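Undergrad: final.cif is the file, holding mmCIF, C-alpha atoms and all ligand atoms:
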```
data_work
#
loop_
_atom_site.label_atom_id
_atom_site.label_comp_id
_atom_site.auth_asym_id
_atom_site.auth_seq_id
_atom_site.Cartn_x
_atom_site.Cartn_y
_atom_site.Cartn_z
CA MET E 1 83.77 -35.60 76.64
CA LEU E 2 87.52 -35.26 76.06
CA SER E 3 89.63 -35.18 79.20
CA LEU E 4 92.13 -32.34 78.85
CA PRO E 5 94.80 -32.76 81.54
CA ARG E 6 95.85 -29.11 81.53
CA GLU E 7 92.27 -27.87 81.83
CA ARG E 8 91.57 -30.42 84.62
CA TRP E 9 94.64 -29.25 86.48
CA LEU E 10 93.63 -25.60 86.05
CA LEU E 11 90.06 -26.41 87.12
CA ASP E 12 91.36 -27.97 90.36
CA ARG E 13 93.61 -24.97 91.01
CA ALA E 14 90.76 -22.51 90.34
CA ARG E 15 88.44 -24.47 92.66
CA GLY E 16 91.15 -24.53 95.30
CA ALA E 17 91.37 -20.74 95.03
CA ILE E 18 87.56 -20.50 95.38
CA ASP E 19 87.78 -22.61 98.57
CA GLY E 20 90.36 -20.13 99.86
CA VAL E 21 88.05 -17.20 99.12
CA ASP E 22 85.12 -18.98 100.81
CA ASP E 23 87.24 -19.61 103.92
CA GLY E 24 88.11 -15.91 103.82
CA LEU E 25 84.41 -14.97 103.73
CA ILE E 26 83.72 -17.04 106.84
CA LEU E 27 86.74 -15.60 108.65
CA LEU E 28 85.57 -12.09 107.74
CA LEU E 29 82.13 -12.93 109.10
CA ALA E 30 83.74 -14.13 112.35
CA ALA E 31 85.64 -10.81 112.56
CA ARG E 32 82.40 -8.90 111.83
CA ARG E 33 80.63 -10.77 114.64
CA ARG E 34 83.36 -9.71 117.08
CA LEU E 35 82.82 -6.09 116.06
CA VAL E 36 79.03 -6.44 116.35
CA HIS E 37 79.59 -7.77 119.87
CA ILE E 38 81.49 -4.60 120.73
CA VAL E 39 78.88 -2.38 119.01
CA ALA E 40 76.08 -4.13 120.92
CA TRP E 41 77.85 -3.52 124.21
CA LEU E 42 78.47 0.16 123.38
CA LYS E 43 74.88 0.61 122.17
CA ALA E 44 73.58 -0.81 125.43
CA ARG E 45 75.83 1.53 127.44
CA THR E 46 74.67 4.58 125.50
CA GLY E 47 71.01 3.65 125.80
CA MET E 48 70.56 2.69 122.14
CA THR E 49 68.55 -0.41 121.39
CA GLY E 50 67.30 -2.23 118.36
CA ARG E 51 68.04 -1.64 114.72
CA ASP E 52 69.29 1.56 113.16
CA PRO E 53 67.58 2.10 109.77
CA HIS E 54 69.79 5.11 108.88
CA ARG E 55 72.94 3.09 109.42
CA GLU E 56 71.53 0.21 107.37
CA LYS E 57 70.58 2.57 104.51
CA TYR E 58 74.08 4.01 104.55
CA MET E 59 75.63 0.50 104.55
CA HIS E 60 73.53 -0.53 101.52
CA ALA E 61 74.46 2.65 99.64
CA ARG E 62 78.20 2.11 100.30
CA ALA E 63 77.98 -1.53 99.31
CA GLN E 64 76.16 -0.71 96.04
CA THR E 65 78.83 1.84 95.09
CA LEU E 66 81.64 -0.62 95.68
CA ALA E 67 79.76 -3.48 94.01
CA SER E 68 79.12 -1.48 90.85
CA ARG E 69 82.82 -0.58 90.69
CA VAL E 70 83.93 -4.19 90.82
CA GLY E 71 81.09 -5.62 88.74
CA VAL E 72 79.07 -7.49 91.39
CA PRO E 73 75.28 -7.44 90.70
CA ASP E 74 73.19 -5.08 92.89
CA ALA E 75 70.82 -7.85 93.95
CA THR E 76 73.67 -10.09 95.14
CA VAL E 77 75.29 -7.44 97.26
CA ARG E 78 71.93 -6.33 98.69
CA THR E 79 71.25 -9.94 99.78
CA LEU E 80 74.75 -10.23 101.23
CA VAL E 81 74.44 -7.04 103.29
CA ASN E 82 70.95 -8.05 104.45
CA LEU E 83 72.29 -11.43 105.51
CA ALA E 84 75.09 -9.77 107.51
CA ILE E 85 72.57 -7.44 109.18
CA ASP E 86 70.26 -10.36 110.00
CA ASP E 87 73.14 -12.23 111.54
CA ALA E 88 74.02 -9.15 113.63
CA CYS E 89 70.38 -8.79 114.71
CA MET E 90 70.26 -12.45 115.69
CA GLN E 91 73.45 -11.96 117.68
CA GLN E 92 71.93 -8.97 119.50
CA GLY E 93 68.61 -10.69 120.10
CA ILE E 94 66.68 -8.15 118.01
CA ALA E 95 64.34 -8.90 115.12
CA GLY E 96 65.92 -8.81 111.69
CA ASP E 97 64.13 -9.16 108.36
CA VAL E 98 65.06 -12.82 108.16
CA HIS E 99 66.67 -13.21 104.76
CA GLY E 100 67.11 -16.95 104.93
CA LEU E 101 68.35 -17.04 108.52
CA ASP E 102 66.71 -19.26 111.11
CA VAL E 103 66.62 -16.46 113.65
CA GLY E 104 64.15 -18.17 115.98
CA GLN E 105 66.39 -21.22 116.44
CA GLY E 106 69.69 -19.48 116.47
CA ARG E 107 68.93 -16.35 118.45
CA VAL E 108 71.47 -15.57 121.05
CA GLY E 109 69.42 -13.70 123.60
CA MET E 110 71.58 -10.93 125.02
CA SER E 111 69.99 -8.51 127.41
CA ARG E 112 71.95 -5.34 128.14
CA SER E 113 73.35 -6.65 131.37
CA MET E 114 74.36 -9.96 129.82
CA ILE E 115 76.63 -8.55 127.16
CA PRO E 116 80.13 -8.86 128.54
CA PRO E 117 82.70 -6.20 127.72
CA MET E 118 85.27 -7.34 125.22
CA PRO E 119 88.68 -5.87 124.57
CA ILE E 120 88.64 -3.80 121.37
CA SER E 121 91.52 -5.57 119.73
CA LEU E 122 91.83 -7.86 116.77
CA ALA E 123 95.53 -8.44 117.34
CA PRO E 124 96.79 -11.86 116.21
CA SER E 125 97.15 -13.10 119.76
CA THR E 126 93.39 -12.74 120.32
CA LEU E 127 92.54 -14.79 117.24
CA ALA E 128 91.81 -18.39 118.08
CA PRO E 129 94.42 -20.76 116.64
CA HIS E 130 91.68 -22.89 115.11
CA LEU E 131 90.61 -19.86 113.02
CA LEU E 132 94.17 -19.13 111.96
CA ARG E 133 94.56 -22.69 110.75
CA TRP E 134 91.85 -22.03 108.19
CA MET E 135 93.59 -19.01 106.73
CA PRO E 136 94.51 -20.08 103.21
CA PRO E 137 98.28 -20.20 102.62
CA PRO E 138 99.63 -17.55 100.21
CA ARG E 139 99.99 -20.03 97.35
CA ARG E 140 96.22 -20.65 97.53
CA VAL E 141 95.45 -16.97 97.09
CA ALA E 142 98.19 -16.48 94.49
CA PRO E 143 95.77 -16.59 91.51
CA LEU E 144 93.74 -13.81 93.11
CA VAL E 145 96.79 -11.65 93.77
CA ARG E 146 98.06 -12.23 90.26
CA ALA E 147 94.67 -11.13 88.92
CA ILE E 148 95.39 -7.60 90.22
CA PRO E 149 96.44 -5.62 87.14
CA GLY E 150 100.21 -5.09 86.90
CA ARG E 151 100.00 -1.30 86.88
CA TRP E 152 98.03 -1.35 90.19
CA GLN E 153 100.59 -3.70 91.73
CA HIS E 154 103.42 -1.43 90.55
CA ALA E 155 101.75 1.75 91.83
CA LEU E 156 101.12 0.11 95.24
CA LEU E 157 104.65 -1.22 95.51
CA GLU E 158 106.21 2.11 94.50
CA LYS E 159 104.08 3.91 97.07
CA ALA E 160 104.90 1.43 99.87
CA ILE E 161 108.61 1.49 99.06
CA SER E 162 108.74 5.28 98.91
CA ARG E 163 107.32 5.35 102.44
CA VAL E 164 109.47 2.58 103.90
CA LEU E 165 112.64 3.86 102.24
CA ALA E 166 111.95 7.61 102.56
CA LEU E 167 115.20 8.29 104.44
CA PRO E 168 117.62 6.20 102.32
CA LEU E 169 116.01 7.80 99.25
CA ARG E 170 116.76 11.25 100.68
CA ASP E 171 120.21 10.66 102.18
CA GLY E 172 121.72 9.03 99.10
CA SER E 173 122.15 5.47 100.49
CA LEU E 174 120.16 4.26 97.50
CA ASP E 175 122.44 5.89 94.94
CA PHE E 176 123.95 2.48 94.19
CA MET E 177 120.61 1.62 92.55
CA LYS E 178 120.96 4.33 89.89
CA GLY E 179 120.64 2.57 86.55
CA ARG E 180 120.75 -0.87 88.27
CA ARG E 181 117.96 -3.44 88.18
CA LEU E 182 117.10 -5.30 91.37
CA GLY E 183 114.38 -7.97 91.43
CA ILE E 184 112.08 -8.93 94.31
CA GLU E 185 110.51 -12.36 93.94
CA VAL E 186 107.63 -13.53 96.10
CA SER E 187 108.05 -17.25 95.50
CA ASP E 188 104.70 -18.58 96.80
CA LEU E 189 102.66 -15.84 95.11
CA GLY E 190 104.52 -16.27 91.83
CA LEU E 191 105.19 -12.52 91.69
CA ARG E 192 108.31 -10.74 90.54
CA TRP E 193 108.99 -7.04 90.34
CA VAL E 194 112.13 -5.32 89.08
CA LEU E 195 113.12 -2.03 90.68
CA THR E 196 115.42 0.73 89.57
CA TRP E 197 116.24 4.20 90.87
CA ALA E 198 115.08 7.08 88.68
CA ASP E 199 114.37 10.75 89.44
CA GLY E 200 114.77 10.38 93.20
CA ALA E 201 112.42 7.41 93.53
CA LEU E 202 112.43 3.65 93.10
CA ARG E 203 110.38 2.63 90.07
CA VAL E 204 109.06 -0.72 88.94
CA ILE E 205 110.26 -1.57 85.43
CA THR E 206 109.71 -4.49 83.10
CA ASP E 207 113.39 -5.26 82.28
CA GLU E 208 115.25 -8.37 83.43
CA PRO E 209 116.90 -7.95 86.88
CA GLU E 210 120.67 -8.01 87.42
CA ALA E 211 120.21 -9.45 90.92
CA SER E 212 117.16 -10.71 92.83
CA VAL E 213 116.06 -11.23 96.42
CA ARG E 214 113.69 -14.20 96.64
CA GLY E 215 111.53 -15.26 99.57
CA SER E 216 108.01 -16.35 100.53
CA ALA E 217 105.32 -13.72 101.13
CA THR E 218 105.47 -14.46 104.88
CA ASP E 219 109.28 -14.18 105.11
CA LEU E 220 109.35 -10.93 103.12
CA LEU E 221 106.60 -9.56 105.37
CA LEU E 222 108.55 -10.67 108.48
CA LEU E 223 111.47 -8.64 107.15
CA ALA E 224 109.35 -5.60 106.24
CA GLY E 225 107.57 -5.71 109.63
CA ARG E 226 110.84 -6.13 111.60
CA ARG E 227 109.80 -9.44 113.07
CA GLU E 228 112.98 -10.98 111.68
CA ASP E 229 116.25 -9.37 110.64
CA ALA E 230 117.67 -9.76 107.16
CA ASP E 231 120.78 -11.54 108.46
CA THR E 232 118.76 -14.34 110.10
CA LEU E 233 116.49 -14.78 107.08
CA PHE E 234 119.44 -14.99 104.66
CA PHE E 235 121.28 -17.35 107.03
CA GLN E 236 118.22 -19.66 107.21
CA ARG E 237 117.93 -19.40 103.42
CA ALA E 238 114.38 -18.12 103.87
CA LEU E 239 115.64 -15.25 101.69
CA VAL E 240 117.93 -16.05 98.78
CA LEU E 241 120.07 -13.76 96.64
CA THR E 242 120.63 -14.60 92.98
CA GLY E 243 122.45 -12.89 90.11
CA ASP E 244 125.03 -10.11 90.44
CA THR E 245 126.63 -10.71 93.85
CA GLU E 246 127.92 -7.20 94.41
CA LEU E 247 124.56 -5.52 93.74
CA GLY E 248 122.77 -8.21 95.76
CA LEU E 249 125.10 -7.79 98.74
CA THR E 250 124.79 -4.00 98.70
CA ALA E 251 120.98 -4.36 98.71
CA ARG E 252 121.22 -6.92 101.51
CA ASN E 253 123.42 -4.61 103.60
CA LEU E 254 120.93 -1.81 103.13
CA LEU E 255 118.05 -4.08 104.19
CA GLU E 256 119.98 -4.93 107.36
CA ARG E 257 120.25 -1.35 108.49
CA LEU E 258 116.99 0.17 107.30
CA PRO E 259 115.96 3.00 109.65
CA TRP E 260 112.72 1.74 111.17
CA GLU E 261 111.99 4.87 113.22
CA ASP E 262 111.58 6.88 110.02
CA VAL E 263 108.79 4.70 108.68
CA PRO E 264 105.41 6.37 109.43
CA LEU E 265 103.94 5.01 112.68
CA GLY E 266 100.68 3.74 111.10
CA LEU E 267 102.61 1.77 108.50
CA ARG E 268 105.00 0.38 111.13
CA ILE E 269 102.07 -0.90 113.20
CA ALA E 270 100.33 -2.36 110.13
CA LEU E 271 103.49 -4.13 108.94
CA HIS E 272 104.40 -5.40 112.40
CA ARG E 273 100.90 -6.73 113.07
CA GLY E 274 100.51 -8.10 109.56
CA ALA E 275 103.82 -9.94 109.85
CA GLY E 276 102.91 -11.36 113.28
CA PHE E 277 99.59 -12.53 111.91
CA ALA E 278 101.21 -14.11 108.83
CA ARG E 279 103.72 -15.98 111.01
CA MET E 280 101.02 -17.30 113.34
CA ALA E 281 98.89 -18.37 110.36
CA ARG E 282 101.89 -20.21 108.89
CA GLU E 283 102.64 -21.98 112.17
CA ALA E 284 98.98 -22.92 112.74
CA HIS E 285 98.72 -24.18 109.17
CA ARG E 286 101.95 -26.20 109.39
CA GLU E 287 100.73 -27.85 112.59
CA ARG E 288 97.49 -28.84 110.93
CA PHE E 289 98.74 -29.86 107.53
CA ASP E 290 102.08 -31.27 108.57
CA GLY E 291 104.56 -28.92 107.02
CA SER E 292 103.23 -27.80 103.64
CA TYR E 293 102.58 -24.06 103.38
C1 LIG U 301 75.33 -3.72 114.56
C2 LIG U 301 74.31 -2.87 114.66
O1 LIG U 301 72.98 -3.31 114.74
C3 LIG U 301 72.21 -3.48 113.56
C4 LIG U 301 72.99 -4.26 112.59
C5 LIG U 301 73.82 -3.61 111.72
C6 LIG U 301 74.92 -4.35 111.02
O2 LIG U 301 74.84 -5.57 110.90
O3 LIG U 301 75.91 -3.72 110.62
C7 LIG U 301 73.65 -2.24 111.46
C8 LIG U 301 72.69 -1.53 112.07
C9 LIG U 301 71.75 -2.10 113.08
O4 LIG U 301 70.46 -2.16 112.53
C10 LIG U 301 74.55 -1.40 114.69
O5 LIG U 301 73.67 -0.69 115.20
O6 LIG U 301 75.60 -0.95 114.23
#
```
Translate the structure of the given file into structure tokens.
TA:
Amino acid sequence: MLSLPRERWLLDRARGAIDGVDDGLILLLAARRRLVHIVAWLKARTGMTGRDPHREKYMHARAQTLASRVGVPDATVRTLVNLAIDDACMQQGIAGDVHGLDVGQGRVGMSRSMIPPMPISLAPSTLAPHLLRWMPPPRRVAPLVRAIPGRWQHALLEKAISRVLALPLRDGSLDFMKGRRLGIEVSDLGLRWVLTWADGALRVITDEPEASVRGSATDLLLLAGRREDADTLFFQRALVLTGDTELGLTARNLLERLPWEDVPLGLRIALHRGAGFARMAREAHRERFDGSY
């Protein structure tokens, strides 16, 4: 067979992305097990024991709906949900249906009194560093992110920006963007969006930008989640401005004094936690893989 260097290279990249997704599946399973631990404790305290067929039926129905939307076969998702339930049963020391799990060997016998209470928090600080190290770096998940259709990305970005910048949009501090084109480049995800101001909102357009702010996904998230200020990130060259200096500097000044209190509380918490998590994952990964992220 002919060896096609480009195809080989792409094959390696695609397999690397699959490894990243598989790591993600295991991390999600670890997070699920933490939640099952909490559920088991709460069930024991409220006098509930054993399996809950209604809950399981509901879980299967939800999973089938989602699976059919994204084109995953019914049988696959049924097996996956059954496997998750079996794992949860094994964890709780109750009999599952055993879909390929060695329940007898692996059962973690937990009587009511043995289940220790666990803080209901999945904050980054409670995640073991060895788990964080296995989080794939953004460049590994880049092909997946880029597979999201452009119009979905644009709609999401416009929505997020309209919430984060609600006040500047109202009070006129974004007027300098009228008819101007500012780019945001997420270097490690290979994404670039161009924004302009139109009809009272920032819109994503397809034109070439006049100026751009470039940074890694983690650094941009650190800025959005107020874990780092714009000044520090620009000074460290974690964020870089290119193109029209005046437009770039005006955007940079706005970033530096964005009113955080006006961002909805839920979004503030999500951004702050997400940014903290991304930073810890980057540090854990750098420690393990000696710098590359
Ligand atoms: C975790 C529970 O125990 C069992 C396992 C379930 C699961 O894995 O999600 C769901 C229902 C129960 O049969 C629960 O009751 O929620």
Undergrad: Between E:Glu158, E:Gly266, E:Gly150, E:Val36, which has the minimum distance to Gln91 in chain E (counting all atoms listed in the file)?
TA: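 Answer, going by the shortest atom-to-atom distance: E:Val36.
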Undergrad: Please return as a PDB file with C-alpha atoms, keeping the file's coordinate frame the residues found within 12 Å of ligand LIG 301 (chain U), counting all atoms listed in the file.
TA:
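As a result, result-v8.pdb now contains:
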```pdb
ATOM      1  CA  LEU E  29      82.130 -12.930 109.100  1.00  0.00           C
ATOM      2  CA  ARG E  32      82.400  -8.900 111.830  1.00  0.00           C
ATOM      3  CA  ARG E  33      80.630 -10.770 114.640  1.00  0.00           C
ATOM      4  CA  ARG E  34      83.360  -9.710 117.080  1.00  0.00           C
ATOM      5  CA  LEU E  35      82.820  -6.090 116.060  1.00  0.00           C
ATOM      6  CA  VAL E  36      79.030  -6.440 116.350  1.00  0.00           C
ATOM      7  CA  HIS E  37      79.590  -7.770 119.870  1.00  0.00           C
ATOM      8  CA  ILE E  38      81.490  -4.600 120.730  1.00  0.00           C
ATOM      9  CA  VAL E  39      78.880  -2.380 119.010  1.00  0.00           C
ATOM     10  CA  ALA E  40      76.080  -4.130 120.920  1.00  0.00           C
ATOM     11  CA  TRP E  41      77.850  -3.520 124.210  1.00  0.00           C
ATOM     12  CA  LEU E  42      78.470   0.160 123.380  1.00  0.00           C
ATOM     13  CA  LYS E  43      74.880   0.610 122.170  1.00  0.00           C
ATOM     14  CA  ALA E  44      73.580  -0.810 125.430  1.00  0.00           C
ATOM     15  CA  THR E  46      74.670   4.580 125.500  1.00  0.00           C
ATOM     16  CA  GLY E  47      71.010   3.650 125.800  1.00  0.00           C
ATOM     17  CA  MET E  48      70.560   2.690 122.140  1.00  0.00           C
ATOM     18  CA  THR E  49      68.550  -0.410 121.390  1.00  0.00           C
ATOM     19  CA  GLY E  50      67.300  -2.230 118.360  1.00  0.00           C
ATOM     20  CA  ARG E  51      68.040  -1.640 114.720  1.00  0.00           C
ATOM     21  CA  ASP E  52      69.290   1.560 113.160  1.00  0.00           C
ATOM     22  CA  PRO E  53      67.580   2.100 109.770  1.00  0.00           C
ATOM     23  CA  HIS E  54      69.790   5.110 108.880  1.00  0.00           C
ATOM     24  CA  ARG E  55      72.940   3.090 109.420  1.00  0.00           C
ATOM     25  CA  GLU E  56      71.530   0.210 107.370  1.00  0.00           C
ATOM     26  CA  LYS E  57      70.580   2.570 104.510  1.00  0.00           C
ATOM     27  CA  TYR E  58      74.080   4.010 104.550  1.00  0.00           C
ATOM     28  CA  MET E  59      75.630   0.500 104.550  1.00  0.00           C
ATOM     29  CA  HIS E  60      73.530  -0.530 101.520  1.00  0.00           C
ATOM     30  CA  ALA E  63      77.980  -1.530  99.310  1.00  0.00           C
ATOM     31  CA  LEU E  80      74.750 -10.230 101.230  1.00  0.00           C
ATOM     32  CA  VAL E  81      74.440  -7.040 103.290  1.00  0.00           C
ATOM     33  CA  ASN E  82      70.950  -8.050 104.450  1.00  0.00           C
ATOM     34  CA  LEU E  83      72.290 -11.430 105.510  1.00  0.00           C
ATOM     35  CA  ALA E  84      75.090  -9.770 107.510  1.00  0.00           C
ATOM     36  CA  ILE E  85      72.570  -7.440 109.180  1.00  0.00           C
ATOM     37  CA  ASP E  86      70.260 -10.360 110.000  1.00  0.00           C
ATOM     38  CA  ASP E  87      73.140 -12.230 111.540  1.00  0.00           C
ATOM     39  CA  ALA E  88      74.020  -9.150 113.630  1.00  0.00           C
ATOM     40  CA  CYS E  89      70.380  -8.790 114.710  1.00  0.00           C
ATOM     41  CA  MET E  90      70.260 -12.450 115.690  1.00  0.00           C
ATOM     42  CA  GLN E  91      73.450 -11.960 117.680  1.00  0.00           C
ATOM     43  CA  GLN E  92      71.930  -8.970 119.500  1.00  0.00           C
ATOM     44  CA  GLY E  93      68.610 -10.690 120.100  1.00  0.00           C
ATOM     45  CA  ILE E  94      66.680  -8.150 118.010  1.00  0.00           C
ATOM     46  CA  ALA E  95      64.340  -8.900 115.120  1.00  0.00           C
ATOM     47  CA  GLY E  96      65.920  -8.810 111.690  1.00  0.00           C
ATOM     48  CA  ASP E  97      64.130  -9.160 108.360  1.00  0.00           C
TER      49      ASP E  97
END
```
Undergrad: Quote the spacing between CA of Ala198 in chain E and CA of Leu182 in chain E in Å to one decimal place.
TA: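 The value is 12.8 Å.
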Undergrad: Might you pull out every residue within 10 Å of Leu271 in chain E, with only C-alpha atoms counted and same-chain residues fewer than 6 positions away left off, and present them as a ChimeraX atom specification?
TA: /E:221-227,265,277
Undergrad: Using all atoms listed in the file for the distances, tell me which of E:Val204, E:Leu247, E:Ala147, E:Leu10 is nearest to Leu174 in chain E.
TA: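 Ranking E:Val204, E:Leu247, E:Ala147, E:Leu10 by distance to Leu174 in chain E, first place goes to E:Leu247.
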Undergrad: Could you tell me how far CA of Gln153 in chain E lies from CA of Leu132 in chain E, in Å and to one decimal?
TA: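 Value for the CA of Gln153 in chain E-CA of Leu132 in chain E distance: 26.2 Å.
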Undergrad: What's around Leu189 in chain E at 8 Å? Count all atoms listed in the file, leave out sequence neighbours fewer than 2 positions away in its own chain, and write the answer as an NGL selection string.
TA: :E and (138-139 or 141-143 or 145-146 or 186-187 or 191 or 216-217)
Undergrad: Convert the current residue selection to file output with C-alpha atoms, as an mmCIF file, in the frame of the given file.
TA:
```cif
data_model
loop_
_atom_site.group_PDB
_atom_site.id
_atom_site.type_symbol
_atom_site.label_atom_id
_atom_site.label_comp_id
_atom_site.auth_asym_id
_atom_site.auth_seq_id
_atom_site.Cartn_x
_atom_site.Cartn_y
_atom_site.Cartn_z
ATOM 1 C CA PRO E 138 99.630 -17.550 100.210
ATOM 2 C CA ARG E 139 99.990 -20.030 97.350
ATOM 3 C CA VAL E 141 95.450 -16.970 97.090
ATOM 4 C CA ALA E 142 98.190 -16.480 94.490
ATOM 5 C CA PRO E 143 95.770 -16.590 91.510
ATOM 6 C CA VAL E 145 96.790 -11.650 93.770
ATOM 7 C CA ARG E 146 98.060 -12.230 90.260
ATOM 8 C CA VAL E 186 107.630 -13.530 96.100
ATOM 9 C CA SER E 187 108.050 -17.250 95.500
ATOM 10 C CA LEU E 191 105.190 -12.520 91.690
ATOM 11 C CA SER E 216 108.010 -16.350 100.530
ATOM 12 C CA ALA E 217 105.320 -13.720 101.130
#
```
Undergrad: Report, in Å to a single decimal, how far apart CA of Met135 in chain E and CA of Arg288 in chain E are.
TA: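 Rounded to one decimal, the two atoms are 11.4 Å apart.
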Undergrad: Using only C-alpha atoms, pick whichever of E:Ile148, E:Val77, E:Leu27, E:Ala160 has the shortest atom-to-atom distance to Leu267 in chain E.
TA: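 Result for the nearest residue to Leu267 in chain E: E:Ala160.
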Undergrad: Please list as a list in words every residue within 6 Å of Trp197 in chain E, counting only C-alpha atoms and excluding residues in the same chain fewer than 3 positions away.
TA: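 Here the qualifying residues turn out to be Met177, Lys178, Ala201 and Leu202 of chain E.
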Undergrad: Residues as selected, C-alpha atoms, written as a CSV table (one decimal), in the frame of the given file, can you do that?
TA:
```
chain,number,residue,atom,x,y,z
E,177,MET,CA,120.6,1.6,92.6
E,178,LYS,CA,121.0,4.3,89.9
E,201,ALA,CA,112.4,7.4,93.5
E,202,LEU,CA,112.4,3.6,93.1
```
Undergrad: With only C-alpha atoms as the counted atoms, please give the residues lying no more than 10 Å from Glu208 in chain E, apart from itself and same-chain residues fewer than 3 positions off, as a PDB file with C-alpha atoms, in the coordinates of the input.
TA:
```
ATOM      1  CA  ARG E 181     117.960  -3.440  88.180  1.00  0.00           C
ATOM      2  CA  LEU E 182     117.100  -5.300  91.370  1.00  0.00           C
ATOM      3  CA  GLY E 183     114.380  -7.970  91.430  1.00  0.00           C
ATOM      4  CA  TRP E 193     108.990  -7.040  90.340  1.00  0.00           C
ATOM      5  CA  VAL E 194     112.130  -5.320  89.080  1.00  0.00           C
ATOM      6  CA  LEU E 195     113.120  -2.030  90.680  1.00  0.00           C
ATOM      7  CA  ILE E 205     110.260  -1.570  85.430  1.00  0.00           C
ATOM      8  CA  ALA E 211     120.210  -9.450  90.920  1.00  0.00           C
ATOM      9  CA  SER E 212     117.160 -10.710  92.830  1.00  0.00           C
TER      10      SER E 212
END
```
Undergrad: Just want the 6 Å neighbourhood of Ala17 in chain E, counted on all atoms listed in the file, with same-chain residues fewer than 3 positions away dropped. Output as a PyMOL selection string.
TA: chain E and resi 14+20+140-141
Undergrad: Quick one: write out the picked residues with C-alpha atoms as a PDB file, in the frame of the given file?
TA:
```
ATOM      1  CA  ALA E  14      90.760 -22.510  90.340  1.00  0.00           C
ATOM      2  CA  GLY E  20      90.360 -20.130  99.860  1.00  0.00           C
ATOM      3  CA  ARG E 140      96.220 -20.650  97.530  1.00  0.00           C
ATOM      4  CA  VAL E 141      95.450 -16.970  97.090  1.00  0.00           C
TER       5      VAL E 141
END
```
Undergrad: With distances taken over all atoms listed in the file, which residue among E:Leu28, E:Ala275, E:Leu167, E:Ile269 lies nearest Leu254 in chain E?
TA: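 So, comparing all the options, the nearest one is E:Leu167.
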